file start-v3.cif (mmCIF, C-alpha atoms)
data_start
#
loop_
_atom_site.label_atom_id
_atom_site.label_comp_id
_atom_site.auth_asym_id
_atom_site.auth_seq_id
_atom_site.Cartn_x
_atom_site.Cartn_y
_atom_site.Cartn_z
CA MET A 1 0.00 0.00 0.00
CA SER A 2 1.57 3.26 -1.13
CA ASP A 3 1.52 6.34 1.07
CA ALA A 4 -0.61 8.12 -1.53
CA ASN A 5 -3.24 5.37 -1.51
CA TYR A 6 -3.32 5.29 2.26
CA GLN A 7 -3.69 9.07 2.44
CA LYS A 8 -6.50 8.99 -0.14
CA GLY A 9 -8.38 6.34 1.81
CA ARG A 10 -7.92 8.17 5.09
CA ASP A 11 -8.92 11.54 3.66
CA ASP A 12 -12.04 10.06 2.08
CA ASN A 13 -13.00 8.59 5.45
CA VAL A 14 -12.55 11.97 7.12
CA LYS A 15 -14.70 13.56 4.42
CA GLU A 16 -17.30 10.78 4.61
CA PHE A 17 -17.85 11.20 8.34
CA ASN A 18 -19.02 14.80 8.29
CA GLU A 19 -21.11 16.12 11.17
CA ARG A 20 -24.38 14.83 9.70
CA LYS A 21 -22.95 11.38 8.94
CA ALA A 22 -21.43 11.11 12.42
CA LYS A 23 -24.85 11.68 13.98
CA GLN A 24 -26.46 9.21 11.58
CA TYR A 25 -23.83 6.60 12.45
CA ASP A 26 -24.46 7.17 16.14
CA GLU A 27 -28.14 6.38 15.60
CA MET A 28 -27.42 3.42 13.32
CA ILE A 29 -25.16 1.66 15.80
CA LYS A 30 -27.60 1.75 18.72
CA PHE A 31 -28.88 -1.74 17.91
CA SER A 32 -25.76 -3.65 16.91
CA GLY A 33 -23.52 -1.57 19.21
CA VAL A 34 -25.04 -3.30 22.23
CA LEU A 35 -24.19 -6.67 20.66
CA LEU A 36 -20.64 -5.44 19.98
CA ALA A 37 -20.20 -4.32 23.59
CA ASN A 38 -21.60 -7.62 24.82
CA SER A 39 -19.04 -9.52 22.71
CA LEU A 40 -16.21 -7.49 24.25
CA LEU A 41 -17.45 -7.82 27.81
CA ARG A 42 -18.03 -11.56 27.57
CA TYR A 43 -14.78 -12.41 25.80
CA LYS A 44 -13.04 -15.26 27.64
CA THR A 45 -16.27 -16.25 29.40
CA SER A 46 -18.02 -19.55 28.68
CA ASN A 47 -20.57 -17.86 26.42
CA HIS A 48 -18.48 -15.25 24.60
CA VAL A 49 -19.67 -16.59 21.24
CA THR A 50 -23.41 -16.47 20.56
CA ASP A 51 -25.42 -19.07 18.68
CA SER A 52 -24.22 -18.28 15.17
CA ASN A 53 -27.52 -19.52 13.70
CA LYS A 54 -29.48 -16.94 15.67
CA ILE A 55 -30.17 -13.62 13.98
CA TYR A 56 -30.88 -10.77 16.37
CA LYS A 57 -33.71 -8.67 14.95
CA THR A 58 -34.67 -6.46 17.88
CA LYS A 59 -32.91 -5.09 20.94
CA GLU A 60 -32.49 -7.73 23.61
CA ASN A 61 -31.10 -7.63 27.13
CA VAL A 62 -27.85 -9.41 26.24
CA LEU A 63 -25.44 -7.45 28.44
CA PRO A 64 -24.00 -9.14 31.52
CA GLU A 65 -25.02 -8.13 35.02
CA LEU A 66 -22.63 -5.62 36.59
CA ASN A 67 -21.61 -8.16 39.23
CA GLU A 68 -20.82 -10.96 36.75
CA ASN A 69 -17.32 -12.36 36.61
CA LEU A 70 -15.80 -10.96 33.42
CA PRO A 71 -12.15 -12.04 33.02
CA LEU A 72 -11.07 -9.06 30.91
CA PHE A 73 -12.92 -6.56 33.11
CA PRO A 74 -11.90 -7.40 36.69
CA LYS A 75 -13.75 -5.85 39.61
CA ASP A 76 -10.69 -5.54 41.83
CA LYS A 77 -8.07 -3.76 39.72
CA PRO A 78 -7.94 -0.84 37.29
CA ILE A 79 -7.37 -1.48 33.59
CA LYS A 80 -6.37 0.75 30.69
CA ILE A 81 -8.30 0.38 27.42
CA LEU A 82 -7.80 1.82 23.94
CA ASP A 83 -10.81 2.06 21.62
CA PHE A 84 -9.06 2.42 18.26
CA ALA A 85 -11.10 4.13 15.51
CA CYS A 86 -13.47 4.85 18.36
CA GLY A 87 -16.14 6.72 16.41
CA THR A 88 -18.84 8.34 18.50
CA GLY A 89 -18.09 6.43 21.70
CA PHE A 90 -21.35 4.49 21.83
CA ILE A 91 -19.63 1.20 22.66
CA ALA A 92 -17.22 2.82 25.12
CA GLU A 93 -20.20 4.30 26.96
CA ILE A 94 -21.68 0.82 27.46
CA LEU A 95 -18.37 -0.47 28.80
CA ALA A 96 -17.97 2.35 31.35
CA PRO A 97 -20.08 0.92 34.22
CA TYR A 98 -18.15 -2.37 34.04
CA LEU A 99 -14.80 -0.68 34.70
CA SER A 100 -13.30 -0.77 38.17
CA LYS A 101 -12.01 2.17 40.20
CA ASP A 102 -9.17 4.16 38.57
CA SER A 103 -9.63 2.48 35.18
CA GLU A 104 -8.93 4.47 32.03
CA LEU A 105 -10.62 4.30 28.63
CA TYR A 106 -9.21 6.27 25.70
CA GLY A 107 -10.35 6.64 22.11
CA ILE A 108 -8.45 7.53 18.95
CA ASP A 109 -10.03 8.49 15.65
CA ILE A 110 -9.19 10.59 12.60
CA SER A 111 -12.68 12.15 12.47
CA GLU A 112 -13.15 15.19 14.68
CA ASN A 113 -16.89 15.05 13.98
CA GLN A 114 -17.15 11.63 15.57
CA LEU A 115 -14.80 12.57 18.41
CA ASN A 116 -17.00 15.54 19.26
CA LEU A 117 -19.80 13.07 20.02
CA PHE A 118 -17.36 10.79 21.86
CA ASN A 119 -16.23 13.61 24.14
CA ASN A 120 -19.77 14.83 24.72
CA ARG A 121 -20.38 11.36 26.11
CA SER A 122 -17.09 11.55 28.00
CA ASN A 123 -18.21 14.59 29.96
CA GLU A 124 -21.42 12.85 31.00
CA ILE A 125 -19.65 9.59 31.86
CA LYS A 126 -17.07 11.32 34.06
CA LEU A 127 -19.93 12.80 36.10
CA LYS A 128 -21.87 9.54 36.24
CA TYR A 129 -18.86 7.34 37.04
CA PRO A 130 -16.44 9.53 39.01
CA ILE A 131 -14.46 6.43 40.05
CA LEU A 132 -12.95 6.29 36.53
CA LYS A 133 -9.52 7.83 36.28
CA GLU A 134 -10.00 9.00 32.69
CA PHE A 135 -12.37 8.70 29.74
CA GLN A 136 -11.51 10.74 26.64
CA GLY A 137 -10.95 10.66 22.90
CA LYS A 138 -8.28 12.38 20.81
CA PRO A 139 -7.69 12.83 17.04
CA PHE A 140 -4.51 11.16 15.84
CA ASP A 141 -3.19 9.13 12.89
CA ILE A 142 -0.78 6.42 14.06
CA LEU A 143 0.59 5.91 10.52
CA ASP A 144 1.10 9.39 9.08
CA ASN A 145 2.69 12.05 11.24
CA LYS A 146 2.47 14.64 8.43
CA PHE A 147 -1.33 14.44 8.74
CA ASN A 148 -0.98 15.09 12.48
CA THR A 149 1.39 18.00 11.91
CA ASP A 150 -0.88 19.55 9.28
CA LYS A 151 -3.85 19.26 11.65
CA ASN A 152 -1.89 20.28 14.76
CA TYR A 153 -2.64 16.91 16.35
CA LEU A 154 -0.19 16.04 19.11
CA LYS A 155 0.41 12.45 20.07
CA PRO A 156 -1.78 11.84 23.13
CA GLU A 157 0.31 11.72 26.27
CA TRP A 158 -1.44 8.49 27.30
CA LEU A 159 -0.60 6.69 24.02
CA ILE A 160 2.38 4.80 25.45
CA GLU A 161 3.83 1.50 24.31
CA ASN A 162 3.37 -1.49 26.63
CA SER A 163 0.62 0.26 28.58
CA PHE A 164 -2.83 -1.05 27.54
CA ASP A 165 -4.62 -4.06 28.97
CA ILE A 166 -7.13 -4.12 26.09
CA ILE A 167 -7.09 -2.65 22.60
CA TYR A 168 -10.26 -3.15 20.62
CA CYS A 169 -11.41 -2.00 17.20
CA SER A 170 -14.98 -2.39 15.98
CA TYR A 171 -16.55 -1.91 12.54
CA SER A 172 -13.37 -0.34 11.19
CA TYR A 173 -10.94 -2.88 9.77
CA HIS A 174 -12.82 -3.03 6.45
CA HIS A 175 -12.02 0.67 6.07
CA PHE A 176 -8.26 0.27 6.51
CA PRO A 177 -6.20 0.27 3.28
CA ASP A 178 -3.36 -1.55 5.07
CA PRO A 179 -4.77 -3.37 8.12
CA ASP A 180 -1.55 -5.35 8.67
CA LYS A 181 0.36 -2.14 9.33
CA PHE A 182 -2.25 -0.89 11.80
CA THR A 183 -2.15 -4.24 13.60
CA ASN A 184 1.64 -4.27 13.86
CA ILE A 185 1.79 -0.77 15.29
CA LEU A 186 -1.14 -1.15 17.69
CA SER A 187 0.15 -4.42 19.14
CA LYS A 188 3.18 -2.56 20.51
CA TYR A 189 0.91 -0.56 22.81
CA LEU A 190 -0.32 -3.67 24.61
CA LYS A 191 1.01 -4.69 28.00
CA LYS A 192 2.35 -8.19 28.50
CA ASN A 193 -0.72 -10.47 28.52
CA GLY A 194 -2.87 -7.66 27.08
CA TYR A 195 -5.57 -8.48 24.54
CA PHE A 196 -6.18 -7.15 21.03
CA ILE A 197 -9.78 -7.71 19.88
CA ILE A 198 -11.15 -6.97 16.40
CA LEU A 199 -14.87 -6.98 15.62
CA ASP A 200 -16.02 -6.30 12.09
CA PHE A 201 -18.49 -7.15 9.34
CA TYR A 202 -17.72 -10.11 7.15
CA ASP A 203 -20.40 -10.99 4.61
CA LYS A 204 -18.95 -13.91 2.71
CA GLU A 205 -22.34 -15.07 1.49
CA TYR A 206 -22.92 -11.69 -0.17
CA GLU A 207 -19.38 -11.40 -1.44
CA GLU A 208 -19.51 -14.72 -3.23
CA LEU A 209 -23.28 -14.72 -3.90
CA GLY A 210 -23.30 -18.33 -2.73
CA GLY A 211 -24.69 -20.18 0.26
CA ASN A 212 -24.03 -19.26 3.83
CA ASP A 213 -20.66 -20.94 4.18
CA ILE A 214 -18.99 -18.88 6.89
CA ASP A 215 -17.15 -21.30 9.14
CA GLN A 216 -19.63 -22.31 11.82
CA THR A 217 -17.12 -23.96 14.13
CA HIS A 218 -16.06 -22.29 17.33
CA SER A 219 -12.90 -24.26 18.06
CA HIS A 220 -10.86 -21.13 17.58
CA SER A 221 -7.36 -22.51 17.63
CA HIS A 222 -5.94 -20.79 14.58
CA SER A 223 -4.20 -22.78 11.89
CA HIS A 224 -2.95 -21.96 8.44
CA ASP A 225 -4.38 -24.89 6.54
CA ASP A 226 -7.82 -23.45 5.86
CA SER A 227 -9.07 -22.04 2.61
CA HIS A 228 -8.22 -18.42 3.33
CA SER A 229 -5.10 -16.73 2.04
CA HIS A 230 -2.55 -15.67 4.65
CA SER A 231 -0.13 -13.82 2.44
CA HIS A 232 -1.03 -10.57 4.25
CA SER A 233 -0.67 -8.67 1.00
CA HIS A 234 -4.47 -8.32 0.83
CA GLY A 235 -4.39 -9.25 -2.80
CA HIS A 236 -7.19 -11.66 -1.98
CA SER A 237 -10.63 -11.79 -3.46
CA HIS A 238 -12.21 -8.93 -1.56
CA SER A 239 -13.52 -6.21 -3.79
CA HIS A 240 -12.20 -2.76 -3.10
CA SER A 241 -14.95 -0.19 -2.95
CA HIS A 242 -14.54 2.91 -5.06
CA SER A 243 -17.97 4.39 -4.53
CA HIS A 244 -19.10 7.77 -5.72
CA SER A 245 -19.50 10.45 -3.11
CA GLY A 246 -22.08 13.16 -3.39
CA ASP A 247 -19.88 15.35 -5.58
CA GLY A 248 -19.34 12.58 -8.12
CA ALA A 249 -15.72 11.97 -7.14
CA HIS A 250 -14.46 8.49 -6.33
CA SER A 251 -14.41 7.57 -2.66
CA HIS A 252 -11.92 5.09 -1.22
CA ALA A 253 -13.47 5.18 2.25
CA VAL A 254 -14.14 1.42 2.26
CA SER A 255 -11.09 -0.61 1.29
CA HIS A 256 -12.46 -4.14 1.75
CA SER A 257 -16.10 -4.40 0.71
CA GLY A 258 -17.61 -7.56 2.12
CA GLY A 259 -15.07 -7.41 4.93
CA ILE A 260 -11.97 -9.47 5.76
CA PRO A 261 -12.31 -13.17 6.69
CA PRO A 262 -11.92 -13.74 10.44
CA ALA A 263 -9.10 -16.25 9.87
CA GLU A 264 -7.13 -13.55 8.05
CA LEU A 265 -7.75 -11.08 10.87
CA ALA A 266 -6.40 -13.67 13.31
CA ALA A 267 -3.38 -14.25 11.07
CA MET A 268 -2.63 -10.51 11.13
CA LEU A 269 -2.61 -10.61 14.93
CA GLU A 270 -0.22 -13.56 14.88
CA SER A 271 2.04 -11.82 12.36
CA ALA A 272 2.23 -8.89 14.78
CA GLY A 273 3.72 -11.25 17.36
CA LEU A 274 0.57 -11.94 19.36
CA VAL A 275 -0.34 -15.44 20.51
CA SER A 276 -3.35 -17.69 21.23
CA ALA A 277 -5.26 -16.17 18.31
CA GLU A 278 -8.94 -17.01 18.12
CA HIS A 279 -11.56 -16.18 15.51
CA GLY A 280 -15.16 -16.89 14.64
CA ILE A 281 -18.62 -15.39 14.32
CA ALA A 282 -19.43 -13.02 17.18
CA PHE A 283 -23.11 -12.62 16.29
CA ARG A 284 -25.57 -12.12 13.46
CA PHE A 285 -28.17 -9.40 13.28
CA GLU A 286 -30.75 -8.02 10.88
CA ASP A 287 -31.19 -4.30 10.41
CA TRP A 288 -32.02 -1.58 7.91
CA PHE A 289 -29.13 -0.17 5.87
CA ASN A 290 -29.39 2.81 3.57
CA GLU A 291 -28.61 2.55 -0.12
CA LYS A 292 -25.29 4.38 0.11
CA SER A 293 -24.09 2.05 2.85
CA VAL A 294 -25.07 -1.00 0.81
CA MET A 295 -23.28 0.30 -2.28
CA ASN A 296 -20.17 1.27 -0.27
CA HIS A 297 -19.87 -1.93 1.74
CA MET A 298 -20.84 -4.64 -0.71
CA PRO A 299 -19.34 -5.88 -3.98
CA PRO A 300 -21.44 -4.52 -6.88
CA ARG A 301 -23.30 -7.74 -7.74
CA ALA A 302 -24.10 -8.38 -4.09
CA ALA A 303 -25.34 -4.81 -3.64
CA GLU A 304 -27.66 -5.16 -6.65
CA MET A 305 -28.94 -8.49 -5.30
CA ILE A 306 -29.75 -6.89 -1.95
CA LYS A 307 -31.53 -3.99 -3.63
CA THR A 308 -33.70 -6.31 -5.72
CA THR A 309 -34.45 -9.10 -3.22
CA ARG A 310 -34.60 -7.56 0.26
CA PRO A 311 -37.46 -5.68 1.96
CA THR A 312 -37.27 -1.97 1.22
CA ARG A 313 -38.48 1.18 2.93
CA VAL A 314 -37.93 4.93 2.70
CA ASN A 315 -36.44 6.56 5.77
CA ALA A 316 -38.91 9.20 6.94
CA SER A 317 -36.18 11.59 8.10
CA SER A 318 -33.64 11.37 5.31
CA GLY A 319 -35.80 10.20 2.42
CA ALA A 320 -33.17 7.57 1.60
CA ASN A 321 -34.01 4.06 0.43
CA GLU A 322 -33.20 1.44 3.05
CA TYR A 323 -32.89 -2.34 2.79
CA LEU A 324 -33.45 -4.97 5.48
CA PHE A 325 -30.95 -7.81 5.48
CA PRO A 326 -28.91 -9.94 7.89
CA ARG A 327 -25.23 -9.39 8.50
CA ALA A 328 -22.52 -11.37 10.25
CA VAL A 329 -20.10 -9.75 12.67
CA VAL A 330 -16.90 -11.71 13.19
CA PHE A 331 -14.17 -11.46 15.77
CA ALA A 332 -10.47 -12.12 15.97
CA ALA A 333 -8.51 -11.80 19.20
CA ALA A 334 -5.03 -12.54 20.50
CA GLN A 335 -2.77 -11.84 23.46
CA ARG A 336 0.63 -10.24 23.80
CA PRO A 337 3.13 -12.75 25.19
#

call {"tool": "encode", "arguments": {"input": "start-v3.cif", "output": "structure tokens"}}
result
Amino acid sequence: MSDANYQKGRDDNVKEFNERKAKQYDEMIKFSGVLLANSLLRYKTSNHVTDSNKIYKTKENVLPELNENLPLFPKDKPIKILDFACGTGFIAEILAPYLSKDSELYGIDISENQLNLFNNRSNEIKLKYPILKEFQGKPFDILDNKFNTDKNYLKPEWLIENSFDIIYCSYSYHHFPDPDKFTNILSKYLKKNGYFIILDFYDKEYEELGGNDIDQTHSHSHSHDDSHSHSHSHGHSHSHSHSHSGDGAHSHAVSHSGGIPPAELAAMLESAGLVSAEHGIAFRFEDWFNEKSVMNHMPPRAAEMIKTTRPTRVNASSGANEYLFPRAVVFAAAQRP
């Protein structure tokens, strides 16, 4: 991935998430965001993977009780968490009441519009949970310091190598032009025994227009003899989205339409030196997605299939066409030795 291509993808993402889009995203994630937070909280518990045949269609009370034993979120010691590509902070807000005294949760994103919403939440959370040591988001690009210099973004003082107990990234890896590079850099910020958890869309059935053949097994010991490529060059079969933005120009905001297979996400974590990599389906859900999102996040033939075969409605607020269809969210996770 050339610097120019990375910069184009990043800049298109910054442009894509304008103030209006950031607010729309915050509304959109209120259903699946609870499922994402639940997957993070329950990781390393006996039921951290849901029934992959179940499709969540409405909000359900899936979150653990505050007094439940959650291995990654201990009740008796503070932890430090990084929400990478944190967006509006919806998931971080759900995690806040599960954090013990003096815990810290930080977010990084390249979109100031999304971070404005994150830090609005931060102010409320600090009042509601005064036991937390810190809860804040900052704009920063961990790959391109020229971008930071041009924007007057300083490296956050809390972004220190070997300091985080948990780094998680949700609904973002399909946007990254070079996810291997992000993974390698981020892994250095983990403490010994810290966990890196990725949650993202992966719609293999739409990508290939075939049957639902996502690996249903949950024996997550990662091996390299499956059908997925592990070359890490990302020259695999995923289409790269070059959608048209409102002004008619090409957008490179989504680099991997259809997502990245969970086995490849796990292989990236292993290539970054992490161990005990696991991967699988975190959950499935059904929701309404607007036409632009469908066109941006799906290969062209899959997008046309969705538009012609799925239930359709017009959003009363935006006037946009929306389509109801199920999606799979996959996870990959590993630990720093």

call {"tool": "resolve_selection", "arguments": {"input": "start-v3.cif", "expression": "the PyMOL selection byres ((chain A and resi 193) around 6)", "output": "list in words"}}
result
Lys192, Gly194, Gln335, Arg336 and Pro337 of chain A

call {"tool": "resolve_selection", "arguments": {"input": "start-v3.cif", "expression": "the PyMOL selection byres ((chain A and resi 73) around 12)", "output": "ChimeraX atom specification"}}
result
/A:40-45,64,66-72,74-81,95-101,103-105,165-166,194-195

call {"tool": "write_last_selection", "arguments": {"input": "start-v3.cif", "atoms": "C-alpha atoms", "output": "compact mmCIF listing (two decimals), in the coordinates of the input"}}
result
# COMPACT_ATOMS: atom_id res chain seq x y z
CA LEU A 40 -16.21 -7.49 24.25
CA LEU A 41 -17.45 -7.82 27.81
CA ARG A 42 -18.03 -11.56 27.57
CA TYR A 43 -14.78 -12.41 25.80
CA LYS A 44 -13.04 -15.26 27.64
CA THR A 45 -16.27 -16.25 29.40
CA PRO A 64 -24.00 -9.14 31.52
CA LEU A 66 -22.63 -5.62 36.59
CA ASN A 67 -21.61 -8.16 39.23
CA GLU A 68 -20.82 -10.96 36.75
CA ASN A 69 -17.32 -12.36 36.61
CA LEU A 70 -15.80 -10.96 33.42
CA PRO A 71 -12.15 -12.04 33.02
CA LEU A 72 -11.07 -9.06 30.91
CA PRO A 74 -11.90 -7.40 36.69
CA LYS A 75 -13.75 -5.85 39.61
CA ASP A 76 -10.69 -5.54 41.83
CA LYS A 77 -8.07 -3.76 39.72
CA PRO A 78 -7.94 -0.84 37.29
CA ILE A 79 -7.37 -1.48 33.59
CA LYS A 80 -6.37 0.75 30.69
CA ILE A 81 -8.30 0.38 27.42
CA LEU A 95 -18.37 -0.47 28.80
CA ALA A 96 -17.97 2.35 31.35
CA PRO A 97 -20.08 0.92 34.22
CA TYR A 98 -18.15 -2.37 34.04
CA LEU A 99 -14.80 -0.68 34.70
CA SER A 100 -13.30 -0.77 38.17
CA LYS A 101 -12.01 2.17 40.20
CA SER A 103 -9.63 2.48 35.18
CA GLU A 104 -8.93 4.47 32.03
CA LEU A 105 -10.62 4.30 28.63
CA ASP A 165 -4.62 -4.06 28.97
CA ILE A 166 -7.13 -4.12 26.09
CA GLY A 194 -2.87 -7.66 27.08
CA TYR A 195 -5.57 -8.48 24.54

call {"tool": "resolve_selection", "arguments": {"input": "start-v3.cif", "expression": "the PyMOL selection byres ((chain A and resi 92) around 12)", "output": "PyMOL selection string"}}
result
chain A and resi 33-34+36-38+40-41+81-91+93-99+104-108+117-119+121-122+125+135-137+167-170

call {"tool": "atom_distance", "arguments": {"input": "start-v3.cif", "atom1": "atom CA of Thr312 of chain A", "atom2": "atom CA of Lys204 of chain A"}}
result
21.9 Å

call {"tool": "closest_residue", "arguments": {"input": "start-v3.cif", "among": "A:Glu134, A:Glu19, A:Ala282, A:Asn184", "to": "Trp158 of chain A", "atoms": "all atoms listed in the file"}}
result
A:Glu134

call {"tool": "residues_around", "arguments": {"input": "start-v3.cif", "residues": "His279 of chain A", "least_positions_apart": "6", "cutoff": "7 Å", "atoms": "only C-alpha atoms", "output": "list of chain:residue names"}}
result
A:His220, A:Pro262, A:Ala263, A:Ala266, A:Phe331, A:Ala332, A:Ala333

call {"tool": "residues_around", "arguments": {"input": "start-v3.cif", "residues": "Glu291 of chain A", "least_positions_apart": "4", "cutoff": "9 Å", "atoms": "all atoms listed in the file", "output": "MDAnalysis selection string"}}
result
chainID A and resid 295:296 303 307 320:323

call {"tool": "atom_distance", "arguments": {"input": "start-v3.cif", "atom1": "atom CA of Ser276 of chain A", "atom2": "atom CA of Lys181 of chain A"}}
result
19.9 Å

call {"tool": "atom_distance", "arguments": {"input": "start-v3.cif", "atom1": "atom CA of Leu115 of chain A", "atom2": "atom CA of Glu157 of chain A"}}
result
17.1 Å

call {"tool": "closest_residue", "arguments": {"input": "start-v3.cif", "among": "A:Phe31, A:Leu63, A:Asn123, A:Val329", "to": "Ile281 of chain A", "atoms": "all atoms listed in the file"}}
result
A:Val329

call {"tool": "residues_around", "arguments": {"input": "start-v3.cif", "residues": "Tyr173 of chain A", "least_positions_apart": "4", "cutoff": "10 Å", "atoms": "all atoms listed in the file", "output": "number ranges by chain"}}
result
A: 85, 169, 177-180, 182-183, 198-201, 254-256, 259-260, 265
